[in-house]
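See below for data-v3.cif, which holds mmCIF, C-alpha atoms.
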```cif
data_coords
loop_
_atom_site.label_atom_id
_atom_site.label_comp_id
_atom_site.auth_asym_id
_atom_site.auth_seq_id
_atom_site.Cartn_x
_atom_site.Cartn_y
_atom_site.Cartn_z
CA MET J 1 -0.79 14.65 -1.46
CA LYS J 2 -0.35 12.30 -4.45
CA PHE J 3 -0.46 8.63 -3.59
CA SER J 4 1.30 5.80 -5.36
CA ASP J 5 0.74 2.08 -5.32
CA LEU J 6 3.84 0.48 -6.80
CA HIS J 7 2.58 -3.10 -6.50
CA LEU J 8 -0.74 -3.57 -8.21
CA CYS J 9 -0.76 -7.19 -9.32
CA VAL J 10 -3.13 -7.06 -12.28
CA PRO J 11 -3.61 -10.25 -14.30
CA LEU J 12 -1.68 -9.58 -17.50
CA GLY J 13 -3.83 -11.79 -19.70
CA ASP J 14 -7.22 -10.52 -18.48
CA VAL J 15 -7.73 -6.98 -19.75
CA GLU J 16 -11.18 -6.57 -18.18
CA GLN J 17 -9.99 -7.52 -14.69
CA ALA J 18 -6.96 -5.28 -15.16
CA ARG J 19 -9.26 -2.42 -16.12
CA ARG J 20 -11.44 -3.05 -13.06
CA MET J 21 -8.43 -2.95 -10.76
CA VAL J 22 -6.99 0.17 -12.34
CA ALA J 23 -10.41 1.86 -12.16
CA LYS J 24 -10.68 0.90 -8.49
CA SER J 25 -7.23 2.32 -7.74
CA PHE J 26 -8.23 5.56 -9.39
CA GLU J 27 -11.52 5.66 -7.46
CA LEU J 28 -9.71 5.09 -4.16
CA GLY J 29 -7.46 8.08 -4.74
CA TYR J 30 -4.19 6.81 -6.18
CA SER J 31 -2.53 8.87 -8.88
CA ARG J 32 0.30 6.49 -9.78
CA VAL J 33 0.29 2.70 -10.10
CA GLY J 34 3.17 0.33 -10.63
CA VAL J 35 2.53 -3.05 -12.20
CA PRO J 36 5.07 -5.85 -11.70
CA PHE J 37 6.38 -7.61 -14.80
CA SER J 38 8.71 -10.53 -15.27
CA PRO J 39 11.81 -9.82 -17.39
CA ASN J 40 10.40 -11.49 -20.50
CA THR J 41 6.99 -9.79 -20.60
CA LYS J 42 5.85 -8.88 -24.10
CA PRO J 43 6.02 -5.11 -24.78
CA SER J 44 2.48 -5.27 -26.24
CA LEU J 45 1.10 -6.29 -22.81
CA ILE J 46 2.94 -3.42 -21.14
CA ASP J 47 1.63 -0.96 -23.75
CA GLY J 48 -1.92 -2.28 -23.28
CA LEU J 49 -1.76 -1.64 -19.55
CA ARG J 50 -0.23 1.78 -20.13
CA ARG J 51 -3.23 2.63 -22.31
CA VAL J 52 -5.69 1.41 -19.66
CA CYS J 53 -3.99 3.56 -17.00
CA GLY J 54 -3.95 6.49 -19.42
CA GLU J 55 -7.74 6.24 -19.78
CA PHE J 56 -8.08 6.97 -16.06
CA GLY J 57 -5.34 9.60 -15.99
CA LEU J 58 -3.11 7.42 -13.84
CA ASP J 59 0.65 7.58 -14.05
CA PHE J 60 1.77 4.09 -15.09
CA VAL J 61 5.06 2.74 -13.74
CA THR J 62 6.76 -0.34 -15.15
CA ARG J 63 8.21 -2.47 -12.42
CA LEU J 64 10.58 -5.36 -12.94
CA GLU J 65 10.15 -8.09 -10.37
CA LEU J 66 13.19 -10.30 -10.00
CA ALA J 67 13.18 -13.50 -7.98
CA PRO J 68 16.77 -14.73 -8.31
CA LYS J 69 17.98 -17.93 -6.72
CA SER J 70 21.54 -16.69 -6.26
CA SER J 71 23.37 -13.38 -6.10
CA ASN J 72 25.10 -14.12 -9.43
CA GLU J 73 21.71 -14.59 -11.09
CA LEU J 74 20.60 -11.28 -9.59
CA LEU J 75 23.66 -9.47 -10.95
CA GLY J 76 23.12 -10.97 -14.41
CA SER J 77 19.44 -9.96 -14.47
CA LEU J 78 20.24 -6.43 -13.28
CA ARG J 79 22.87 -6.06 -15.99
CA ARG J 80 20.43 -7.20 -18.69
CA PHE J 81 17.15 -5.57 -17.70
CA ARG J 82 17.83 -2.55 -15.44
CA ARG J 83 17.45 0.05 -18.15
CA GLU J 84 14.22 -1.41 -19.53
CA PHE J 85 12.05 -0.78 -16.47
CA GLU J 86 11.40 2.23 -14.25
CA VAL J 87 11.48 0.40 -10.93
CA VAL J 88 13.36 -2.77 -10.00
CA SER J 89 12.25 -4.92 -7.10
CA VAL J 90 13.95 -8.03 -5.80
CA LEU J 91 12.17 -10.86 -4.02
CA CYS J 92 14.70 -11.84 -1.40
CA GLY J 93 14.30 -15.57 -0.97
CA SER J 94 17.69 -16.21 0.57
CA LYS J 95 20.18 -14.29 2.67
CA PRO J 96 22.91 -13.96 -0.01
CA VAL J 97 20.34 -12.57 -2.45
CA ALA J 98 19.00 -10.18 0.17
CA ARG J 99 22.47 -8.90 1.02
CA GLN J 100 23.45 -8.48 -2.63
CA ALA J 101 20.18 -6.68 -3.40
CA ALA J 102 20.61 -4.37 -0.41
CA LYS J 103 24.06 -3.20 -1.47
CA ASP J 104 23.36 -2.86 -5.19
CA ARG J 105 22.47 0.68 -6.25
CA ARG J 106 20.40 -0.61 -9.17
CA VAL J 107 17.83 -2.19 -6.84
CA ASP J 108 14.94 0.04 -5.76
CA LEU J 109 12.74 -2.20 -3.64
CA LEU J 110 13.54 -5.07 -1.32
CA CYS J 111 10.60 -7.46 -0.98
CA PHE J 112 10.15 -10.26 1.50
CA ARG J 113 7.15 -12.45 0.80
CA ALA J 114 7.65 -15.12 3.44
CA LEU J 115 5.57 -15.05 6.60
CA GLU J 116 8.00 -17.03 8.73
CA PRO J 117 10.49 -14.87 10.64
CA ARG J 118 13.41 -17.07 9.59
CA LYS J 119 12.77 -16.44 5.91
CA ARG J 120 12.66 -12.67 6.23
CA PHE J 121 16.14 -11.23 6.07
CA PHE J 122 15.59 -7.54 6.74
CA ASP J 123 17.61 -7.25 9.93
CA ARG J 124 19.95 -4.51 11.10
CA ALA J 125 22.81 -5.67 8.85
CA GLU J 126 20.51 -5.63 5.84
CA ALA J 127 19.18 -2.19 6.81
CA GLU J 128 22.72 -0.83 7.15
CA LEU J 129 23.60 -2.09 3.66
CA ALA J 130 20.37 -0.70 2.21
CA SER J 131 21.00 2.68 3.82
CA LYS J 132 24.25 3.00 1.84
CA SER J 133 22.58 2.17 -1.46
CA SER J 134 19.21 3.53 -2.52
CA ALA J 135 17.04 0.50 -1.83
CA ALA J 136 13.77 0.80 0.07
CA LEU J 137 11.87 -1.78 2.08
CA GLU J 138 8.49 -2.67 0.60
CA ILE J 139 5.54 -3.74 2.73
CA ASP J 140 2.52 -5.28 1.02
CA ILE J 141 -0.82 -4.57 2.69
CA ALA J 142 -2.34 -7.67 1.04
CA MET J 143 0.00 -9.82 3.10
CA VAL J 144 -1.25 -8.23 6.32
CA LEU J 145 -4.84 -8.80 5.21
CA GLY J 146 -4.25 -12.35 4.04
CA VAL J 147 -3.18 -13.91 7.33
CA GLU J 148 -5.06 -14.55 10.53
CA GLY J 149 -4.45 -15.80 14.05
CA PHE J 150 -0.96 -16.68 15.21
CA ALA J 151 0.47 -16.33 11.72
CA ARG J 152 -0.56 -12.68 11.75
CA VAL J 153 0.82 -12.22 15.27
CA SER J 154 4.26 -13.43 14.21
CA PHE J 155 4.09 -11.56 10.89
CA LEU J 156 3.23 -8.25 12.57
CA SER J 157 6.05 -8.81 15.04
CA CYS J 158 8.47 -9.27 12.09
CA LEU J 159 7.17 -6.14 10.40
CA ARG J 160 7.59 -4.16 13.61
CA ARG J 161 11.24 -5.23 13.85
CA GLU J 162 11.86 -4.48 10.19
CA VAL J 163 10.28 -1.04 10.35
CA ALA J 164 12.32 -0.24 13.48
CA ALA J 165 15.53 -1.32 11.72
CA ALA J 166 14.63 0.75 8.65
CA ARG J 167 13.90 3.78 10.84
CA ARG J 168 17.18 3.40 12.71
CA PHE J 169 19.28 3.32 9.54
CA GLY J 170 17.21 5.78 7.52
CA VAL J 171 16.01 3.25 4.96
CA PRO J 172 12.83 4.47 3.25
CA VAL J 173 9.77 2.26 3.55
CA VAL J 174 7.26 1.91 0.73
CA ILE J 175 3.75 0.66 1.46
CA SER J 176 2.06 -0.99 -1.51
CA SER J 177 -1.20 -2.83 -1.89
CA GLY J 178 0.10 -6.07 -3.42
CA ALA J 179 -3.53 -6.59 -4.42
CA THR J 180 -4.46 -9.35 -6.85
CA GLU J 181 -8.17 -8.47 -6.79
CA PRO J 182 -10.16 -5.26 -6.23
CA LEU J 183 -11.39 -6.36 -2.79
CA LEU J 184 -7.82 -6.26 -1.49
CA LEU J 185 -7.39 -2.60 -2.40
CA ARG J 186 -7.65 -0.01 0.35
CA LYS J 187 -7.78 3.78 0.34
CA PRO J 188 -4.39 5.40 0.98
CA TYR J 189 -5.44 6.66 4.42
CA ASP J 190 -6.79 3.22 5.34
CA SER J 191 -3.55 1.57 4.22
CA ALA J 192 -1.61 4.14 6.23
CA SER J 193 -3.72 3.49 9.30
CA LEU J 194 -2.76 -0.19 9.08
CA GLY J 195 0.79 1.05 9.75
CA LEU J 196 -0.35 1.43 13.35
CA LEU J 197 -0.18 -2.37 13.60
CA PHE J 198 3.59 -2.31 13.07
CA GLU J 199 4.28 0.91 14.97
CA MET J 200 4.42 3.26 12.05
CA ASP J 201 3.12 6.76 12.71
CA LEU J 202 0.37 7.96 10.40
CA SER J 203 2.56 10.73 8.95
CA VAL J 204 5.41 8.29 8.26
CA ALA J 205 2.98 5.78 6.74
CA LEU J 206 1.52 8.47 4.50
CA GLU J 207 5.05 9.29 3.33
CA ALA J 208 5.54 5.60 2.58
CA LEU J 209 2.53 5.84 0.28
CA SER J 210 3.38 9.17 -1.33
CA ALA J 211 6.82 10.79 -1.08
CA ASN J 212 8.94 7.62 -0.89
CA PRO J 213 7.53 5.84 -3.97
CA ALA J 214 7.38 9.14 -5.87
CA GLY J 215 11.04 9.76 -5.07
CA ILE J 216 12.04 6.36 -6.44
CA VAL J 217 10.07 6.77 -9.66
CA GLU J 218 11.26 10.32 -10.32
CA ARG J 219 14.89 9.45 -9.61
CA ASN J 220 14.77 6.49 -12.00
CA ARG J 221 12.95 8.40 -14.71
CA ALA J 222 15.66 11.04 -14.54
CA LYS J 223 18.29 8.29 -14.84
CA LEU J 224 16.53 6.73 -17.81
CA SER J 225 16.13 10.07 -19.59
CA PRO J 226 18.51 10.64 -22.54
CA GLY J 227 20.21 13.64 -20.90
CA TYR J 228 21.39 11.73 -17.84
CA VAL J 229 25.15 11.24 -17.58
CA ALA J 230 25.89 10.38 -13.95
CA LEU J 231 24.62 11.22 -10.48
CA GLY J 232 24.30 15.03 -10.42
CA VAL J 233 25.47 15.39 -14.04
CA ARG J 234 23.06 15.75 -16.92
CA ILE J 235 23.14 17.28 -20.37
CA VAL J 236 21.38 20.61 -20.25
CA ARG J 237 21.93 21.63 -23.88
CA ARG J 238 23.47 20.13 -26.98
CA GLY J 239 24.81 22.33 -29.73
CA LYS J 240 27.77 24.26 -30.99
CA GLY J 241 29.80 23.94 -27.83
CA VAL J 242 30.53 26.06 -24.81
CA ASP J 243 32.64 29.18 -25.09
CA MET Q 1 -19.55 23.37 28.33
CA THR Q 2 -17.06 20.78 27.05
CA ARG Q 3 -18.22 17.24 26.57
CA VAL Q 4 -16.59 14.59 28.77
CA VAL Q 5 -16.36 12.06 25.94
CA ARG Q 6 -15.22 13.34 22.56
CA ARG Q 7 -16.60 11.22 19.78
CA ARG Q 8 -15.86 10.63 16.15
CA TYR Q 9 -18.36 9.53 13.53
CA LEU Q 10 -17.15 7.53 10.55
CA ALA Q 11 -19.03 7.16 7.29
CA LEU Q 12 -18.28 3.69 5.96
CA LYS Q 13 -18.91 2.22 2.54
CA VAL Q 14 -19.27 -1.55 2.43
CA GLU Q 15 -18.28 -3.33 -0.78
CA CYS Q 16 -19.40 -6.88 -1.35
CA GLU Q 17 -21.35 -8.97 -3.85
CA GLY Q 18 -24.69 -9.50 -2.11
CA LEU Q 19 -26.68 -7.75 0.59
CA VAL Q 20 -25.50 -7.68 4.19
CA GLU Q 21 -27.41 -7.10 7.42
CA GLN Q 22 -26.69 -4.41 10.00
CA ARG Q 23 -25.91 -7.05 12.63
CA GLU Q 24 -23.34 -8.71 10.34
CA VAL Q 25 -21.57 -5.39 9.71
CA LEU Q 26 -21.40 -4.59 13.41
CA ASP Q 27 -20.17 -8.10 14.25
CA ALA Q 28 -17.48 -7.90 11.58
CA VAL Q 29 -16.22 -4.52 12.87
CA LEU Q 30 -16.27 -5.71 16.49
CA ASN Q 31 -14.48 -8.94 15.63
CA ALA Q 32 -11.81 -7.15 13.60
CA PHE Q 33 -11.21 -4.71 16.46
CA LEU Q 34 -11.20 -7.48 19.05
CA ARG Q 35 -8.67 -9.52 17.07
CA LEU Q 36 -6.29 -6.59 16.66
CA PHE Q 37 -6.60 -4.69 19.94
CA GLY Q 38 -8.17 -7.11 22.42
CA GLU Q 39 -10.97 -6.84 24.92
CA VAL Q 40 -9.52 -3.89 26.84
CA GLY Q 41 -9.08 -1.92 23.62
CA LEU Q 42 -12.62 -2.71 22.52
CA SER Q 43 -14.04 -1.70 25.88
CA GLN Q 44 -12.32 1.71 25.58
CA ALA Q 45 -13.27 2.33 21.96
CA GLY Q 46 -16.98 2.89 22.57
CA LEU Q 47 -17.96 1.44 19.21
CA TYR Q 48 -21.58 1.87 18.17
CA LEU Q 49 -23.22 1.43 14.79
CA VAL Q 50 -25.40 4.51 14.45
CA SER Q 51 -27.09 3.58 11.20
CA PHE Q 52 -26.84 1.26 8.24
CA ASP Q 53 -28.39 1.69 4.83
CA ARG Q 54 -28.84 -1.87 3.55
CA GLU Q 55 -29.49 -0.88 -0.06
CA ARG Q 56 -26.66 1.63 -0.46
CA LYS Q 57 -24.38 -0.36 1.88
CA TYR Q 58 -23.50 2.77 3.76
CA ALA Q 59 -22.93 2.75 7.52
CA VAL Q 60 -22.23 5.33 10.21
CA LEU Q 61 -20.07 4.19 13.08
CA ARG Q 62 -19.36 6.06 16.30
CA CYS Q 63 -16.24 5.70 18.43
CA SER Q 64 -14.20 7.58 21.01
CA HIS Q 65 -11.82 10.12 19.42
CA LYS Q 66 -8.83 8.43 21.05
CA ALA Q 67 -9.72 5.13 19.44
CA LEU Q 68 -10.06 6.57 15.92
CA PRO Q 69 -6.67 5.35 14.58
CA MET Q 70 -7.39 1.87 15.93
CA VAL Q 71 -10.90 1.83 14.49
CA ARG Q 72 -9.54 2.88 11.08
CA ALA Q 73 -6.97 0.08 11.23
CA ALA Q 74 -9.59 -2.46 12.29
CA VAL Q 75 -11.97 -1.39 9.52
CA ALA Q 76 -9.17 -1.54 6.95
CA SER Q 77 -8.21 -5.04 8.10
CA MET Q 78 -11.69 -6.46 7.41
CA THR Q 79 -11.85 -8.90 4.53
CA LYS Q 80 -15.20 -10.59 5.24
CA ILE Q 81 -18.68 -9.71 6.43
CA GLY Q 82 -20.71 -12.72 7.44
CA ASN Q 83 -19.49 -15.40 5.10
CA GLN Q 84 -18.85 -13.29 2.04
CA PRO Q 85 -15.68 -11.49 0.99
CA ALA Q 86 -16.05 -7.77 1.58
CA THR Q 87 -14.13 -4.54 1.97
CA VAL Q 88 -15.05 -1.52 4.05
CA HIS Q 89 -13.73 1.92 3.12
CA VAL Q 90 -13.81 4.93 5.43
CA GLN Q 91 -15.46 7.70 3.42
CA ARG Q 92 -15.36 10.58 5.89
CA VAL Q 93 -14.72 11.20 9.59
CA SER Q 94 -16.32 13.96 11.63
CA GLY Q 95 -16.93 15.11 15.18
CA THR Q 96 -20.69 15.46 14.82
CA LEU Q 97 -23.33 13.56 12.91
CA LYS Q 98 -24.60 16.77 11.36
CA ALA Q 99 -21.20 17.68 9.92
CA LEU Q 100 -20.68 14.12 8.74
CA ASN Q 101 -23.96 14.09 6.84
CA LYS Q 102 -23.10 17.45 5.32
CA LYS Q 103 -19.65 16.28 4.19
CA VAL Q 104 -20.98 13.05 2.73
CA THR Q 105 -23.80 14.86 0.90
CA ASN Q 106 -21.33 17.41 -0.51
CA LYS Q 107 -19.05 14.60 -1.68
CA ARG Q 108 -21.94 12.77 -3.33
CA GLN Q 109 -23.04 15.93 -5.12
CA ALA Q 110 -19.50 16.64 -6.28
CA LYS Q 111 -19.24 13.11 -7.74
CA PRO Q 112 -22.31 12.54 -9.96
#
```
Spell out the structure here as structure tokens.
Amino acid sequence: MKFSDLHLCVPLGDVEQARRMVAKSFELGYSRVGVPFSPNTKPSLIDGLRRVCGEFGLDFVTRLELAPKSSNELLGSLRRFRREFEVVSVLCGSKPVARQAAKDRRVDLLCFRALEPRKRFFDRAEAELASKSSAALEIDIAMVLGVEGFARVSFLSCLRREVAAARRFGVPVVISSGATEPLLLRKPYDSASLGLLFEMDLSVALEALSANPAGIVERNRAKLSPGYVALGVRIVRRGKGVD
Amino acid sequence: MTRVVRRRYLALKVECEGLVEQREVLDAVLNAFLRLFGEVGLSQAGLYLVSFDRERKYAVLRCSHKALPMVRAAVASMTKIGNQPATVHVQRVSGTLKALNKKVTNKRQAKP
């Protein structure tokens, strides 16, 4: 099984720390890492990280992280930057943004970074919209590790509801590390076993770390390839024409 | 003859800056389990720290086979041992100590 971590938050300016985190991911058993970038990240930084991942034989995925304030801003950003990155994630800070992101086919990952239940908008309506597009729900393990006490109780309760809604409407779930330092990284099986806390079976959690992220990356790479025309249509051969 | 209690042995690797004591590791595991699964869960898990290598930061933990998923979750949720930030990774899991030692030795030999 090949494991992916689509949310490795390496510090872009600190190459040594980035190298340490990439090395740790490799040591823990990941074969693909996705690093989040803002829309205006310099290409040289992206290339530098690609080289670092290449040194360890890791598949490097460029991930655009959008945090729009309104649905119009989201649409504008998607129009401008969608084809420049392999994965697009949207931080859903408000309900209109969450709804727009869920129904837009250009969005791959729906992220909710708030701990309070009222600021997390992945309910049944959102799951139904996401099931019709191709968006997946992302769960960061670092968020589970970062809270304690009653905050964790309420957060786990939210996650349980969200995972149940995703399961009911067939929305794929992606488990990522969300790690900003090596100590927040966990082995894929350890991350999957944390799924137990929000009622996710081990097999489903392992899929959320392997098949689901791999599916997103492969689908988008196919779309970004020069031969892609439309869903199910691609150029097989160019030449003199078909008889 | 079948054993009444089926056990699982976990090889754990502790990662932290300084040295940690056996007691601190056990306390951290127990506290993490207690926080997540409560007193009843902890009483059923049968947790026991079999050994701890202070220099290599390598521990062997025993638990009931039914509690294994919970123990893995508790170990993965640990972020501190004593007062210092730490991570604990499950290296291998086995049904007997002998097989666990064999697996860990094989893994160490495979990775120079």
Tell me, as a CSV table (one decimal) with C-alpha atoms, in the frame of the given file, which residues lie within 10 Å of Glu181 of chain J, counting only C-alpha atoms; anything in the same chain fewer than 6 positions away does not count.
```csv
chain,number,residue,atom,x,y,z
J,8,LEU,CA,-0.7,-3.6,-8.2
J,9,CYS,CA,-0.8,-7.2,-9.3
J,10,VAL,CA,-3.1,-7.1,-12.3
J,11,PRO,CA,-3.6,-10.2,-14.3
J,17,GLN,CA,-10.0,-7.5,-14.7
J,18,ALA,CA,-7.0,-5.3,-15.2
J,20,ARG,CA,-11.4,-3.0,-13.1
J,21,MET,CA,-8.4,-3.0,-10.8
J,24,LYS,CA,-10.7,0.9,-8.5
J,142,ALA,CA,-2.3,-7.7,1.0
```
*Can you list, as number ranges by chain, every protein, DNA or RNA residue that comes within 7 Å of Ile139 of chain J when you count only C-alpha atoms, leaving out same-chain residues fewer than 4 positions away?*
J: 174-176
*Point-to-point distance in Å for atom CA of Val171 of chain J and atom CA of Glu207 of chain J*: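 Separation of atom CA of Glu207 of chain J and atom CA of Val171 of chain J: 12.6 Å.
The closest residue to Leu12 of chain Q, picked from Q:Val29, Q:Met70, Q:Val90, Q:Arg62 and counting all atoms listed in the file, is Q:Val90.
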*asked:* Contacts from chain J to chain Q, 8 Å maximum, only C-alpha atoms: show me the residue list as JSON, numbers by chain.
replied: {"J": [144, 145, 183, 184, 186, 187, 190, 191, 193, 194, 195, 196, 197]}
_Using only C-alpha atoms for the distances, tell me which of Q:Val4, Q:Leu42, Q:Leu97, Q:Val20 is nearest to Tyr58 of chain Q._
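Of all the options, Q:Val20 lies closest to Tyr58 of chain Q.
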*Could you please determine the separation between atom CA of Gly95 of chain Q and atom CA of Glu199 of chain J in Å, to one decimal place?*
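Those two atoms sit 25.5 Å apart.
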*Pull out every residue that the PyMOL selection byres ((chain J and resi 52-60) around 9) matches in the shown coordinates and put them as JSON, numbers by chain.*
{"J": [4, 15, 18, 19, 22, 23, 25, 26, 30, 31, 32, 33, 34, 35, 47, 48, 49, 50, 51, 61, 62]}
I would like the residues chosen by the PyMOL selection byres ((chain J and resi 116-121) around 7) on the shown file; could you give them as a compact mmCIF listing (two decimals) with C-alpha atoms, in the frame of the given file?
```
# COMPACT_ATOMS: atom_id res chain seq x y z
CA LYS J 95 20.18 -14.29 2.67
CA ALA J 98 19.00 -10.18 0.17
CA PHE J 112 10.15 -10.26 1.50
CA ALA J 114 7.65 -15.12 3.44
CA LEU J 115 5.57 -15.05 6.60
CA PHE J 122 15.59 -7.54 6.74
CA ASP J 123 17.61 -7.25 9.93
CA CYS J 158 8.47 -9.27 12.09
```
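Distance-wise, atom CA of Asp108 of chain J and atom CA of Leu28 of chain J end up 25.2 Å apart.
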Which residues, written as a JSON list (two decimals) with C-alpha atoms, in the frame of the given file, have at least one atom at most 8 Å from segment 100-110 of chain Q, with all atoms listed in the file counted and residues fewer than 3 positions away on the same chain left out?
```
[["chain", "number", "residue", "atom", "x", "y", "z"],
["Q", 9, "TYR", "CA", -18.36, 9.53, 13.53],
["Q", 10, "LEU", "CA", -17.15, 7.53, 10.55],
["Q", 11, "ALA", "CA", -19.03, 7.16, 7.29],
["Q", 91, "GLN", "CA", -15.46, 7.70, 3.42],
["Q", 92, "ARG", "CA", -15.36, 10.58, 5.89],
["Q", 93, "VAL", "CA", -14.72, 11.20, 9.59],
["Q", 94, "SER", "CA", -16.32, 13.96, 11.63],
["Q", 95, "GLY", "CA", -16.93, 15.11, 15.18],
["Q", 96, "THR", "CA", -20.69, 15.46, 14.82],
["Q", 97, "LEU", "CA", -23.33, 13.56, 12.91]]
```
*Run through the PyMOL selection byres ((chain J and resi 220) around 10) on the given coordinates and return the selected residues as a list in words.*
Arg83, Phe85, Glu86, Val87, Val88, Arg106, Asp108, Ala214, Gly215, Ile216, Val217, Glu218, Arg219, Arg221, Ala222, Lys223, Leu224 and Ser225 of chain J
*Residue contacts of Lys57 of chain Q (10 Å, all atoms listed in the file) excluding same-chain residues fewer than 2 positions away, as a ChimeraX atom specification*: /Q:12-16,18-22,25,52-55,59,88
